[in-house]
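**Student:** Following this message is one structure expressed as structure tokens.
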Amino acid sequence: MNTIRPRKRKSKQAKRRVRIGTPDSTLTGLAGLVAVDELTARLGLVAALDRGIGPIKVRDRGLTGGQLLVGMATAQLVGQDCLAGMDRVRSDPASMFLGEAPVAPSRTAGRLAGRFGPDRLAGIETGLANIYDRWLALVPAAVRGPLVVRHPTIDLDASDIEVYGRTKQGVGWNYAGVRSGRVHLASWARAELPLAMDLMAGNDDVRPSATDLLRRALAVLPAAVCARPRVRADSGYFDAALATGAVELGCDFAIAAKRNSAAWRTYAAIPEGDWQDARDMTGAQVAVCDYAPAGWPAGTYTLVRRVKIAAKDLSADPRSRRRRTVHKDQLALALDGAVEHVWAVSFIVTNIPANDGDLVGLEAWFRNRTAIEERFREAKHGGGLNHLPSADPAVNTVWTWAGLLAGALAVMLQTLTGMDTHPEDPGRWRIATLRHRLLQIPGRVTSHAREHLLRLQPRQRLLAVVLARLKALPAPT
């Protein structure tokens, strides 16, 4: 008997096979470079840097010093962390948008950066002074007002960058036994902008050059800022020379003090009724004492903060940083189990008068010194300062400046276009977020009638809004 087999029904939708086609040279993954170029043009960035740096070549052709620095910063802004990354940016079709500061080939960038001597490096700070003046004039009044009227805070700090290879010059072994270069930075805290920088060896002491760095930073601060500056630094800058220099330069200071025997004696003499609860810090209290180190300026006093710590939370490792903040007698009792808690104590030597006795507010302001640590974090993880790319110290210094300038470009771009006040996501974006949402987005680049045409995906609306706001700004005169 013959059996009738049922016929298989064909799917109504046949399977579609995917085939890789010919690469399209008009596609880009860096469409946001058009916004960087427009920002550079509206701020007059290249011209300002060129006036400060001066010529870097005998013949007036090719890239200028300002173009080299801005192009290098642009490459770091889109995620490149070595000189070879500049070649990758150049190979993208969106690089044709960089008319103000084209990205140089890696070999050319290294050769030109090596020509930056001390005068040309100092000229970078001169150029930044002009750029920040124009930026401050263009930002909305809500941003400009606090920056102009309130006391500008200048943070001093240093951060080490580990290097590899024995051919690296201008580096040294730091306290942790790591071969590194040391970025010595003065930063405008509220504006989140770098003011002055030195690239030192990892074993160099920052204190001898701190006063000179502060003097250069004050020269970059915009002239419209009228309030008396304040200098903020950690215990690595505990030095009478810096405090005296700050007063002579027209600044107040607040510097974390070393925990020496004199400081501990004054701490023990503070009456228990003088302690006040600190702001936004659980278990912390603040008081003041009249301890003033010898040789420091008149009017110096010490602000003391203590934080209650459970004895069980103390580390058994003698290298623990927290253990160094506890008096040795209390620490011994805690380790023996004789007490349930101890006090971690910090000393801040300052000449800043506490308005209406607001010691709590003054201590909270000093605790925000972590703002400069965010600048370093941005430069290392957002820019390209996770390592130094060359054996030449001049090239490394220019590369470091480019990393700091990348962070400054991110700040100025957001403040000028209102991105940091977006109702759906308020607050300043980090470089990685800015790169993901604005810079590294896909597009198609074509040319017609001597114009470049950039086509974006329908959902990519932010770039068009940002570009329109930048074009609405007045051009530099």
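Note on naming: chains are A, B, ... as they come in the structure tokens, residues start from 1 per chain, ligands start from 1 in the order shown.
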Which residues, written as a ChimeraX atom specification, have at least one atom at most 10 Å from A:Val143, with only C-alpha atoms counted and residues fewer than 3 positions away on the same chain left out?
**Tutor:** /A:136,138-140,146-148,191,415-416,418
**Student:** Convert the current residue selection to file output with C-alpha atoms, as a PDB file, in the first residue's frame.
**Tutor:**
```pdb
ATOM      1  CA  LEU A 136      33.928  83.334  30.272  1.00  0.00           C
ATOM      2  CA  LEU A 138      30.368  83.616  26.093  1.00  0.00           C
ATOM      3  CA  VAL A 139      28.952  81.305  28.793  1.00  0.00           C
ATOM      4  CA  PRO A 140      25.436  81.963  30.156  1.00  0.00           C
ATOM      5  CA  PRO A 146      29.455  82.519  40.427  1.00  0.00           C
ATOM      6  CA  LEU A 147      32.814  82.255  38.659  1.00  0.00           C
ATOM      7  CA  VAL A 148      33.297  86.017  38.628  1.00  0.00           C
ATOM      8  CA  ALA A 191      35.376  76.001  36.470  1.00  0.00           C
ATOM      9  CA  THR A 415      28.869  74.960  29.304  1.00  0.00           C
ATOM     10  CA  LEU A 416      28.573  76.851  26.016  1.00  0.00           C
ATOM     11  CA  GLY A 418      23.859  73.995  27.859  1.00  0.00           C
TER      12      GLY A 418
END
```
**Student:** Find the residues around A:Ala158 up to 8 Å (only C-alpha atoms counted), leave out those fewer than 4 positions away in its own chain, and share them as JSON, numbers by chain.
**Tutor:** {"A": [182, 183, 184, 185, 206]}
**Student:** Would you put the residues from that selection into a file with all heavy atoms, as a PDB file, in the first residue's frame?
**Tutor:**
```
ATOM      1  N   ARG A 182      55.681  62.786  36.831  1.00  0.00           N
ATOM      2  CA  ARG A 182      54.767  63.404  37.798  1.00  0.00           C
ATOM      3  C   ARG A 182      54.166  64.671  37.199  1.00  0.00           C
ATOM      4  O   ARG A 182      54.895  65.610  36.849  1.00  0.00           O
ATOM      5  CB  ARG A 182      55.512  63.717  39.095  1.00  0.00           C
ATOM      6  CG  ARG A 182      54.676  64.406  40.175  1.00  0.00           C
ATOM      7  CD  ARG A 182      55.383  64.322  41.509  1.00  0.00           C
ATOM      8  NE  ARG A 182      55.427  62.930  41.987  1.00  0.00           N
ATOM      9  CZ  ARG A 182      56.148  62.539  43.024  1.00  0.00           C
ATOM     10  NH1 ARG A 182      56.903  63.408  43.677  1.00  0.00           N
ATOM     11  NH2 ARG A 182      56.125  61.275  43.406  1.00  0.00           N
ATOM     12  N   VAL A 183      52.845  64.688  37.072  1.00  0.00           N
ATOM     13  CA  VAL A 183      52.131  65.864  36.563  1.00  0.00           C
ATOM     14  C   VAL A 183      51.812  66.777  37.737  1.00  0.00           C
ATOM     15  O   VAL A 183      51.046  66.404  38.630  1.00  0.00           O
ATOM     16  CB  VAL A 183      50.841  65.450  35.829  1.00  0.00           C
ATOM     17  CG1 VAL A 183      50.141  66.682  35.269  1.00  0.00           C
ATOM     18  CG2 VAL A 183      51.149  64.466  34.715  1.00  0.00           C
ATOM     19  N   HIS A 184      52.402  67.948  37.734  1.00  0.00           N
ATOM     20  CA  HIS A 184      52.192  68.934  38.797  1.00  0.00           C
ATOM     21  C   HIS A 184      51.239  69.989  38.249  1.00  0.00           C
ATOM     22  O   HIS A 184      51.589  70.734  37.329  1.00  0.00           O
ATOM     23  CB  HIS A 184      53.530  69.568  39.195  1.00  0.00           C
ATOM     24  CG  HIS A 184      53.455  70.387  40.435  1.00  0.00           C
ATOM     25  ND1 HIS A 184      54.419  71.303  40.794  1.00  0.00           N
ATOM     26  CD2 HIS A 184      52.523  70.443  41.425  1.00  0.00           C
ATOM     27  CE1 HIS A 184      54.095  71.868  41.923  1.00  0.00           C
ATOM     28  NE2 HIS A 184      52.946  71.369  42.330  1.00  0.00           N
ATOM     29  N   LEU A 185      50.033  70.051  38.802  1.00  0.00           N
ATOM     30  CA  LEU A 185      48.944  70.817  38.196  1.00  0.00           C
ATOM     31  C   LEU A 185      48.367  71.843  39.154  1.00  0.00           C
ATOM     32  O   LEU A 185      48.214  71.584  40.345  1.00  0.00           O
ATOM     33  CB  LEU A 185      47.839  69.855  37.743  1.00  0.00           C
ATOM     34  CG  LEU A 185      46.571  70.467  37.140  1.00  0.00           C
ATOM     35  CD1 LEU A 185      46.886  71.171  35.823  1.00  0.00           C
ATOM     36  CD2 LEU A 185      45.517  69.389  36.940  1.00  0.00           C
ATOM     37  N   VAL A 206      57.460  68.432  44.961  1.00  0.00           N
ATOM     38  CA  VAL A 206      56.637  69.472  44.340  1.00  0.00           C
ATOM     39  C   VAL A 206      56.722  70.799  45.088  1.00  0.00           C
ATOM     40  O   VAL A 206      56.354  71.843  44.529  1.00  0.00           O
ATOM     41  CB  VAL A 206      55.165  69.018  44.268  1.00  0.00           C
ATOM     42  CG1 VAL A 206      55.025  67.800  43.382  1.00  0.00           C
ATOM     43  CG2 VAL A 206      54.598  68.739  45.656  1.00  0.00           C
TER      44      VAL A 206
END
```
**Student:** Find the spatial neighbours of A:Gly407, counting only C-alpha atoms, within a cut-off of 8 Å - ignore same-chain residues fewer than 6 positions away - and output them as a ChimeraX atom specification.
**Tutor:** /A:77,193,375,378-379,382-383,431
**Student:** Just the selected residues (N, CA, C and O atoms), exported as a PDB file, in the first residue's frame, please.
**Tutor:**
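The resulting file, again31.pdb, is shown below:
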```pdb
ATOM      1  N   LEU A  77      40.500  63.229  22.892  1.00  0.00           N
ATOM      2  CA  LEU A  77      39.097  63.405  23.247  1.00  0.00           C
ATOM      3  C   LEU A  77      38.229  62.274  22.700  1.00  0.00           C
ATOM      4  O   LEU A  77      37.218  61.903  23.311  1.00  0.00           O
ATOM      5  N   LEU A 193      38.890  73.724  35.100  1.00  0.00           N
ATOM      6  CA  LEU A 193      39.805  74.011  34.000  1.00  0.00           C
ATOM      7  C   LEU A 193      41.246  74.023  34.506  1.00  0.00           C
ATOM      8  O   LEU A 193      41.516  74.537  35.597  1.00  0.00           O
ATOM      9  N   ARG A 375      40.083  65.937  37.865  1.00  0.00           N
ATOM     10  CA  ARG A 375      40.778  66.389  36.650  1.00  0.00           C
ATOM     11  C   ARG A 375      41.811  65.343  36.223  1.00  0.00           C
ATOM     12  O   ARG A 375      41.968  65.062  35.038  1.00  0.00           O
ATOM     13  N   GLU A 378      39.963  62.295  34.786  1.00  0.00           N
ATOM     14  CA  GLU A 378      39.492  62.569  33.435  1.00  0.00           C
ATOM     15  C   GLU A 378      40.632  62.518  32.424  1.00  0.00           C
ATOM     16  O   GLU A 378      40.486  61.979  31.329  1.00  0.00           O
ATOM     17  N   ALA A 379      41.769  63.098  32.796  1.00  0.00           N
ATOM     18  CA  ALA A 379      42.901  63.112  31.875  1.00  0.00           C
ATOM     19  C   ALA A 379      43.443  61.709  31.622  1.00  0.00           C
ATOM     20  O   ALA A 379      43.890  61.400  30.512  1.00  0.00           O
ATOM     21  N   GLY A 382      39.735  59.494  30.571  1.00  0.00           N
ATOM     22  CA  GLY A 382      38.998  60.097  29.475  1.00  0.00           C
ATOM     23  C   GLY A 382      39.918  60.548  28.360  1.00  0.00           C
ATOM     24  O   GLY A 382      39.638  60.344  27.173  1.00  0.00           O
ATOM     25  N   GLY A 383      41.049  61.173  28.730  1.00  0.00           N
ATOM     26  CA  GLY A 383      42.050  61.565  27.755  1.00  0.00           C
ATOM     27  C   GLY A 383      43.060  60.455  27.550  1.00  0.00           C
ATOM     28  O   GLY A 383      42.766  59.273  27.708  1.00  0.00           O
ATOM     29  N   ILE A 431      34.206  62.716  30.157  1.00  0.00           N
ATOM     30  CA  ILE A 431      34.647  62.602  28.771  1.00  0.00           C
ATOM     31  C   ILE A 431      34.135  61.312  28.143  1.00  0.00           C
ATOM     32  O   ILE A 431      33.708  61.296  26.980  1.00  0.00           O
TER      33      ILE A 431
END
```
**Student:** To test your reading of the structure, identify every residue in stretch 43-242 of chain A that backbone DSSP assigns to strand (DSSP E or B), and report it as number ranges by chain.
**Tutor:** A: 153-162, 172-173, 179-188, 193-201, 230-233
**Student:** Counting only C-alpha atoms, which residues of stretch 336-392 of chain A sit at most 12 Å from some atom of stretch 300-312 of chain A, and what is each one's closest atom pair with its distance in Å to one decimal, listed by chain and rising residue number, as CSV?
**Tutor:**
```
residue,atom,partner,partner_atom,distance
A:Asp336,CA,A:Ala311,CA,9.7
A:Gly337,CA,A:Ala311,CA,7.7
A:Ala338,CA,A:Ala311,CA,9.3
A:Val339,CA,A:Ala311,CA,7.1
A:Glu340,CA,A:Ala311,CA,5.3
A:His341,CA,A:Ala310,CA,4.2
A:Val342,CA,A:Ile309,CA,5.4
A:Trp343,CA,A:Lys308,CA,4.8
A:Ala344,CA,A:Val307,CA,5.1
A:Val345,CA,A:Arg306,CA,4.4
A:Ser346,CA,A:Arg305,CA,5.2
A:Phe347,CA,A:Val304,CA,4.8
A:Ile348,CA,A:Leu303,CA,5.0
A:Val349,CA,A:Thr302,CA,4.5
A:Thr350,CA,A:Thr300,CA,5.5
A:Asn351,CA,A:Thr300,CA,4.5
A:Ile352,CA,A:Thr300,CA,8.1
A:Pro353,CA,A:Tyr301,CA,9.4
A:Ala354,CA,A:Leu303,CA,10.1
A:Gly357,CA,A:Leu303,CA,11.8
A:Asp358,CA,A:Leu303,CA,11.4
A:Leu359,CA,A:Leu303,CA,7.7
A:Val360,CA,A:Arg305,CA,9.5
A:Gly361,CA,A:Leu303,CA,11.4
A:Leu362,CA,A:Leu303,CA,8.8
A:Glu363,CA,A:Leu303,CA,7.5
A:Ala364,CA,A:Arg305,CA,10.2
A:Phe366,CA,A:Leu303,CA,10.3
A:Arg367,CA,A:Arg305,CA,10.3
```
**Student:** Take the residues from that selection and put them in a file with N, CA, C and O atoms, as an mmCIF file, in the first residue's frame.
**Tutor:**
```cif
data_model
loop_
_atom_site.group_PDB
_atom_site.id
_atom_site.type_symbol
_atom_site.label_atom_id
_atom_site.label_comp_id
_atom_site.auth_asym_id
_atom_site.auth_seq_id
_atom_site.Cartn_x
_atom_site.Cartn_y
_atom_site.Cartn_z
ATOM 1 N N ASP A 336 44.578 46.699 71.255
ATOM 2 C CA ASP A 336 44.523 45.798 72.410
ATOM 3 C C ASP A 336 43.088 45.484 72.823
ATOM 4 O O ASP A 336 42.871 44.698 73.757
ATOM 5 N N GLY A 337 42.107 46.124 72.169
ATOM 6 C CA GLY A 337 40.707 45.889 72.510
ATOM 7 C C GLY A 337 40.239 46.645 73.723
ATOM 8 O O GLY A 337 39.172 46.330 74.273
ATOM 9 N N ALA A 338 40.986 47.672 74.163
ATOM 10 C CA ALA A 338 40.623 48.419 75.366
ATOM 11 C C ALA A 338 39.567 49.484 75.088
ATOM 12 O O ALA A 338 38.907 49.945 76.027
ATOM 13 N N VAL A 339 39.408 49.921 73.841
ATOM 14 C CA VAL A 339 38.409 50.933 73.496
ATOM 15 C C VAL A 339 37.602 50.429 72.305
ATOM 16 O O VAL A 339 38.066 49.595 71.520
ATOM 17 N N GLU A 340 36.372 50.942 72.186
ATOM 18 C CA GLU A 340 35.489 50.511 71.103
ATOM 19 C C GLU A 340 35.613 51.386 69.862
ATOM 20 O O GLU A 340 35.231 50.956 68.766
ATOM 21 N N HIS A 341 36.098 52.619 70.022
ATOM 22 C CA HIS A 341 36.245 53.488 68.862
ATOM 23 C C HIS A 341 37.444 54.405 69.048
ATOM 24 O O HIS A 341 37.948 54.586 70.173
ATOM 25 N N VAL A 342 37.912 54.977 67.962
ATOM 26 C CA VAL A 342 39.015 55.943 67.966
ATOM 27 C C VAL A 342 38.615 57.119 67.082
ATOM 28 O O VAL A 342 37.595 57.089 66.380
ATOM 29 N N TRP A 343 39.459 58.172 67.125
ATOM 30 C CA TRP A 343 39.222 59.353 66.296
ATOM 31 C C TRP A 343 40.328 59.468 65.247
ATOM 32 O O TRP A 343 41.505 59.484 65.594
ATOM 33 N N ALA A 344 39.918 59.536 63.977
ATOM 34 C CA ALA A 344 40.855 59.842 62.891
ATOM 35 C C ALA A 344 40.887 61.360 62.729
ATOM 36 O O ALA A 344 39.846 61.983 62.490
ATOM 37 N N VAL A 345 42.058 61.948 62.878
ATOM 38 C CA VAL A 345 42.176 63.403 62.989
ATOM 39 C C VAL A 345 42.924 63.960 61.788
ATOM 40 O O VAL A 345 43.927 63.394 61.336
ATOM 41 N N SER A 346 42.435 65.097 61.278
ATOM 42 C CA SER A 346 43.095 65.827 60.192
ATOM 43 C C SER A 346 43.244 67.282 60.602
ATOM 44 O O SER A 346 42.358 67.858 61.263
ATOM 45 N N PHE A 347 44.365 67.893 60.195
ATOM 46 C CA PHE A 347 44.666 69.286 60.518
ATOM 47 C C PHE A 347 44.762 70.101 59.230
ATOM 48 O O PHE A 347 45.411 69.670 58.271
ATOM 49 N N ILE A 348 44.120 71.262 59.233
ATOM 50 C CA ILE A 348 44.132 72.155 58.078
ATOM 51 C C ILE A 348 44.646 73.513 58.544
ATOM 52 O O ILE A 348 43.992 74.190 59.345
ATOM 53 N N VAL A 349 45.810 73.904 58.063
ATOM 54 C CA VAL A 349 46.400 75.195 58.432
ATOM 55 C C VAL A 349 45.945 76.232 57.405
ATOM 56 O O VAL A 349 46.138 76.047 56.198
ATOM 57 N N THR A 350 45.357 77.318 57.877
ATOM 58 C CA THR A 350 44.760 78.292 56.970
ATOM 59 C C THR A 350 44.822 79.690 57.555
ATOM 60 O O THR A 350 45.018 79.864 58.763
ATOM 61 N N ASN A 351 44.639 80.666 56.680
ATOM 62 C CA ASN A 351 44.470 82.056 57.119
ATOM 63 C C ASN A 351 43.142 82.612 56.649
ATOM 64 O O ASN A 351 42.913 83.822 56.720
ATOM 65 N N ILE A 352 42.242 81.749 56.167
ATOM 66 C CA ILE A 352 40.939 82.185 55.658
ATOM 67 C C ILE A 352 40.019 82.449 56.844
ATOM 68 O O ILE A 352 39.754 81.540 57.640
ATOM 69 N N PRO A 353 39.500 83.663 56.989
ATOM 70 C CA PRO A 353 38.581 83.920 58.104
ATOM 71 C C PRO A 353 37.265 83.191 57.891
ATOM 72 O O PRO A 353 36.689 83.219 56.801
ATOM 73 N N ALA A 354 36.797 82.512 58.910
ATOM 74 C CA ALA A 354 35.506 81.825 58.829
ATOM 75 C C ALA A 354 34.391 82.865 59.000
ATOM 76 O O ALA A 354 34.284 83.502 60.041
ATOM 77 N N GLY A 357 31.893 82.788 61.975
ATOM 78 C CA GLY A 357 32.250 81.589 62.709
ATOM 79 C C GLY A 357 31.840 80.294 62.038
ATOM 80 O O GLY A 357 31.709 79.264 62.707
ATOM 81 N N ASP A 358 31.624 80.309 60.718
ATOM 82 C CA ASP A 358 31.174 79.119 59.997
ATOM 83 C C ASP A 358 32.363 78.202 59.711
ATOM 84 O O ASP A 358 32.816 78.073 58.570
ATOM 85 N N LEU A 359 32.870 77.574 60.737
ATOM 86 C CA LEU A 359 33.977 76.639 60.567
ATOM 87 C C LEU A 359 33.527 75.391 59.811
ATOM 88 O O LEU A 359 34.309 74.791 59.069
ATOM 89 N N VAL A 360 32.283 75.017 59.995
ATOM 90 C CA VAL A 360 31.761 73.833 59.322
ATOM 91 C C VAL A 360 31.773 74.024 57.810
ATOM 92 O O VAL A 360 32.178 73.143 57.048
ATOM 93 N N GLY A 361 31.343 75.207 57.357
ATOM 94 C CA GLY A 361 31.349 75.486 55.927
ATOM 95 C C GLY A 361 32.750 75.543 55.357
ATOM 96 O O GLY A 361 32.996 75.083 54.234
ATOM 97 N N LEU A 362 33.677 76.098 56.110
ATOM 98 C CA LEU A 362 35.055 76.188 55.645
ATOM 99 C C LEU A 362 35.676 74.796 55.515
ATOM 100 O O LEU A 362 36.380 74.506 54.539
ATOM 101 N N GLU A 363 35.398 73.926 56.490
ATOM 102 C CA GLU A 363 35.930 72.566 56.414
ATOM 103 C C GLU A 363 35.303 71.791 55.260
ATOM 104 O O GLU A 363 35.986 71.025 54.558
ATOM 105 N N ALA A 364 34.009 71.997 55.007
ATOM 106 C CA ALA A 364 33.348 71.317 53.888
ATOM 107 C C ALA A 364 33.919 71.786 52.553
ATOM 108 O O ALA A 364 34.076 70.995 51.616
ATOM 109 N N PHE A 366 37.016 72.788 52.068
ATOM 110 C CA PHE A 366 38.339 72.186 51.897
ATOM 111 C C PHE A 366 38.223 70.713 51.517
ATOM 112 O O PHE A 366 39.028 70.204 50.736
ATOM 113 N N ARG A 367 37.210 70.041 52.023
ATOM 114 C CA ARG A 367 37.035 68.631 51.706
ATOM 115 C C ARG A 367 36.741 68.417 50.231
ATOM 116 O O ARG A 367 36.991 67.347 49.679
#
```
**Student:** Using only C-alpha atoms, determine which residues lie at most 8 Å from A:Ser180, disregarding the query and same-chain residues fewer than 2 positions distant; provide the list as a PyMOL selection string.
**Tutor:** chain A and resi 160-163+171-174+178+182+201-202
**Student:** Out of A:Arg369, A:Arg377, A:Arg461, A:Lys328, which residue has the shortest atom-to-atom distance to A:Ile154 when counting only C-alpha atoms?
**Tutor:** A:Arg369
**Student:** Looking at only C-alpha atoms, which of A:Ala122, A:Leu83, A:Val231, A:Ala31 is the one that sits closest to A:Pro105?
**Tutor:**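 Among the listed residues, the smallest separation from A:Pro105 belongs to A:Leu83.
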**Student:** Return as CSV the residues of stretch 2-113 of chain A lying at most 10 Å from stretch 395-402 of chain A, together with the closest atom-to-atom pair for each and the distance in Å to one decimal, counting only C-alpha atoms, with rows in chain order and ascending residue number.
**Tutor:**
```
residue,atom,partner,partner_atom,distance
A:Leu68,CA,A:Ala402,CA,9.2
A:Leu69,CA,A:Ala402,CA,5.8
A:Val70,CA,A:Ala402,CA,6.9
A:Gly71,CA,A:Ala402,CA,8.5
A:Met72,CA,A:Ala402,CA,5.9
A:Ala73,CA,A:Ala402,CA,4.4
A:Thr74,CA,A:Ala402,CA,8.2
A:Ala75,CA,A:Ala402,CA,9.1
A:Gln76,CA,A:Ala402,CA,7.6
A:Leu77,CA,A:Ala402,CA,9.2
A:Asp81,CA,A:Trp399,CA,9.7
A:Cys82,CA,A:Trp399,CA,9.0
A:Leu83,CA,A:Trp399,CA,8.7
A:Ala109,CA,A:Val395,CA,8.6
A:Gly110,CA,A:Val395,CA,6.3
A:Arg111,CA,A:Val395,CA,8.2
A:Leu112,CA,A:Val395,CA,8.3
A:Ala113,CA,A:Val395,CA,4.9
```
**Student:** List every residue of stretch 35-91 of chain A that DSSP, applied to the backbone of this structure, places in helix (DSSP H, G or I), and write the result as an mmCIF file with N, CA and C atoms, in the first residue's frame.
**Tutor:**
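Dumped to selection.cif:
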```cif
data_model
loop_
_atom_site.group_PDB
_atom_site.id
_atom_site.type_symbol
_atom_site.label_atom_id
_atom_site.label_comp_id
_atom_site.auth_asym_id
_atom_site.auth_seq_id
_atom_site.Cartn_x
_atom_site.Cartn_y
_atom_site.Cartn_z
ATOM 1 N N ALA A 35 31.511 69.028 15.795
ATOM 2 C CA ALA A 35 31.254 69.917 16.935
ATOM 3 C C ALA A 35 32.560 70.408 17.552
ATOM 4 N N VAL A 36 33.569 69.547 17.614
ATOM 5 C CA VAL A 36 34.869 69.954 18.152
ATOM 6 C C VAL A 36 35.483 71.047 17.290
ATOM 7 N N ASP A 37 35.389 70.902 15.965
ATOM 8 C CA ASP A 37 35.949 71.915 15.075
ATOM 9 C C ASP A 37 35.207 73.233 15.210
ATOM 10 N N GLU A 38 33.890 73.179 15.356
ATOM 11 C CA GLU A 38 33.110 74.416 15.514
ATOM 12 C C GLU A 38 33.439 75.099 16.837
ATOM 13 N N LEU A 39 33.620 74.315 17.896
ATOM 14 C CA LEU A 39 34.013 74.888 19.185
ATOM 15 C C LEU A 39 35.380 75.559 19.083
ATOM 16 N N THR A 40 36.313 74.908 18.418
ATOM 17 C CA THR A 40 37.648 75.471 18.231
ATOM 18 C C THR A 40 37.578 76.801 17.494
ATOM 19 N N ALA A 41 36.712 76.883 16.479
ATOM 20 C CA ALA A 41 36.594 78.120 15.700
ATOM 21 C C ALA A 41 35.956 79.234 16.518
ATOM 22 N N ARG A 42 34.908 78.918 17.278
ATOM 23 C CA ARG A 42 34.186 79.961 18.016
ATOM 24 C C ARG A 42 35.012 80.526 19.167
ATOM 25 N N LEU A 43 35.899 79.728 19.712
ATOM 26 C CA LEU A 43 36.749 80.212 20.805
ATOM 27 C C LEU A 43 38.039 80.856 20.295
ATOM 28 N N LEU A 45 40.587 79.194 19.326
ATOM 29 C CA LEU A 45 41.522 78.406 20.116
ATOM 30 C C LEU A 45 42.914 78.372 19.492
ATOM 31 N N VAL A 46 42.972 78.082 18.209
ATOM 32 C CA VAL A 46 44.269 77.939 17.543
ATOM 33 C C VAL A 46 45.017 79.267 17.508
ATOM 34 N N ALA A 47 44.328 80.337 17.158
ATOM 35 C CA ALA A 47 44.984 81.649 17.067
ATOM 36 C C ALA A 47 45.529 82.088 18.422
ATOM 37 N N ALA A 48 44.755 81.838 19.489
ATOM 38 C CA ALA A 48 45.209 82.231 20.829
ATOM 39 C C ALA A 48 46.449 81.442 21.240
ATOM 40 N N LEU A 49 46.447 80.155 20.975
ATOM 41 C CA LEU A 49 47.621 79.345 21.312
ATOM 42 C C LEU A 49 48.828 79.727 20.461
ATOM 43 N N ASP A 50 48.606 80.020 19.198
ATOM 44 C CA ASP A 50 49.721 80.409 18.325
ATOM 45 C C ASP A 50 50.368 81.709 18.788
ATOM 46 N N ARG A 51 49.555 82.642 19.261
ATOM 47 C CA ARG A 51 50.125 83.906 19.759
ATOM 48 C C ARG A 51 50.996 83.652 20.981
ATOM 49 N N GLY A 52 50.610 82.707 21.814
ATOM 50 C CA GLY A 52 51.403 82.419 22.995
ATOM 51 C C GLY A 52 52.624 81.575 22.700
ATOM 52 N N ILE A 53 52.454 80.540 21.873
ATOM 53 C CA ILE A 53 53.543 79.605 21.597
ATOM 54 C C ILE A 53 54.577 80.202 20.668
ATOM 55 N N GLY A 65 51.997 75.523 16.011
ATOM 56 C CA GLY A 65 52.021 74.937 17.344
ATOM 57 C C GLY A 65 50.625 74.775 17.925
ATOM 58 N N GLY A 66 49.762 75.771 17.699
ATOM 59 C CA GLY A 66 48.397 75.673 18.199
ATOM 60 C C GLY A 66 47.617 74.563 17.528
ATOM 61 N N GLN A 67 47.784 74.408 16.214
ATOM 62 C CA GLN A 67 47.098 73.330 15.507
ATOM 63 C C GLN A 67 47.570 71.961 15.977
ATOM 64 N N LEU A 68 48.871 71.832 16.198
ATOM 65 C CA LEU A 68 49.406 70.566 16.687
ATOM 66 C C LEU A 68 48.789 70.199 18.027
ATOM 67 N N LEU A 69 48.740 71.150 18.963
ATOM 68 C CA LEU A 69 48.239 70.872 20.301
ATOM 69 C C LEU A 69 46.747 70.555 20.290
ATOM 70 N N VAL A 70 45.967 71.336 19.542
ATOM 71 C CA VAL A 70 44.520 71.109 19.500
ATOM 72 C C VAL A 70 44.203 69.807 18.777
ATOM 73 N N GLY A 71 44.935 69.509 17.690
ATOM 74 C CA GLY A 71 44.724 68.242 16.996
ATOM 75 C C GLY A 71 45.047 67.055 17.882
ATOM 76 N N MET A 72 46.108 67.177 18.670
ATOM 77 C CA MET A 72 46.476 66.111 19.597
ATOM 78 C C MET A 72 45.409 65.952 20.682
ATOM 79 N N ALA A 73 44.878 67.068 21.176
ATOM 80 C CA ALA A 73 43.809 67.014 22.181
ATOM 81 C C ALA A 73 42.541 66.407 21.599
ATOM 82 N N THR A 74 42.246 66.702 20.335
ATOM 83 C CA THR A 74 41.064 66.122 19.687
ATOM 84 C C THR A 74 41.180 64.612 19.598
ATOM 85 N N ALA A 75 42.359 64.131 19.235
ATOM 86 C CA ALA A 75 42.565 62.681 19.166
ATOM 87 C C ALA A 75 42.360 62.029 20.535
ATOM 88 N N GLN A 76 42.850 62.668 21.589
ATOM 89 C CA GLN A 76 42.645 62.120 22.932
ATOM 90 C C GLN A 76 41.184 62.199 23.345
ATOM 91 N N LEU A 77 40.500 63.229 22.892
ATOM 92 C CA LEU A 77 39.097 63.405 23.247
ATOM 93 C C LEU A 77 38.229 62.274 22.700
ATOM 94 N N GLY A 85 47.580 56.632 17.591
ATOM 95 C CA GLY A 85 46.139 56.832 17.504
ATOM 96 C C GLY A 85 45.762 58.022 16.648
ATOM 97 N N MET A 86 46.669 58.980 16.482
ATOM 98 C CA MET A 86 46.381 60.124 15.635
ATOM 99 C C MET A 86 46.231 59.685 14.176
ATOM 100 N N ASP A 87 46.953 58.665 13.776
ATOM 101 C CA ASP A 87 46.807 58.132 12.421
ATOM 102 C C ASP A 87 45.435 57.494 12.240
ATOM 103 N N ARG A 88 44.902 56.871 13.274
ATOM 104 C CA ARG A 88 43.576 56.264 13.178
ATOM 105 C C ARG A 88 42.500 57.334 13.021
ATOM 106 N N VAL A 89 42.646 58.454 13.692
ATOM 107 C CA VAL A 89 41.687 59.534 13.529
ATOM 108 C C VAL A 89 41.776 60.117 12.122
ATOM 109 N N ARG A 90 42.990 60.265 11.615
ATOM 110 C CA ARG A 90 43.173 60.814 10.270
ATOM 111 C C ARG A 90 42.541 59.927 9.197
#
```
**Student:** Between A:Leu473, A:Leu409, A:Val445, A:Ala268, which is the closest to A:Arg430 once you count only C-alpha atoms?
**Tutor:**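 Closest residue, counting only C-alpha atoms: A:Leu409.
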**Student:** Between atom CA of A:Ala371 and atom CA of A:Arg323, what is the distance, to one decimal in Å?
**Tutor:** 24.7 Å
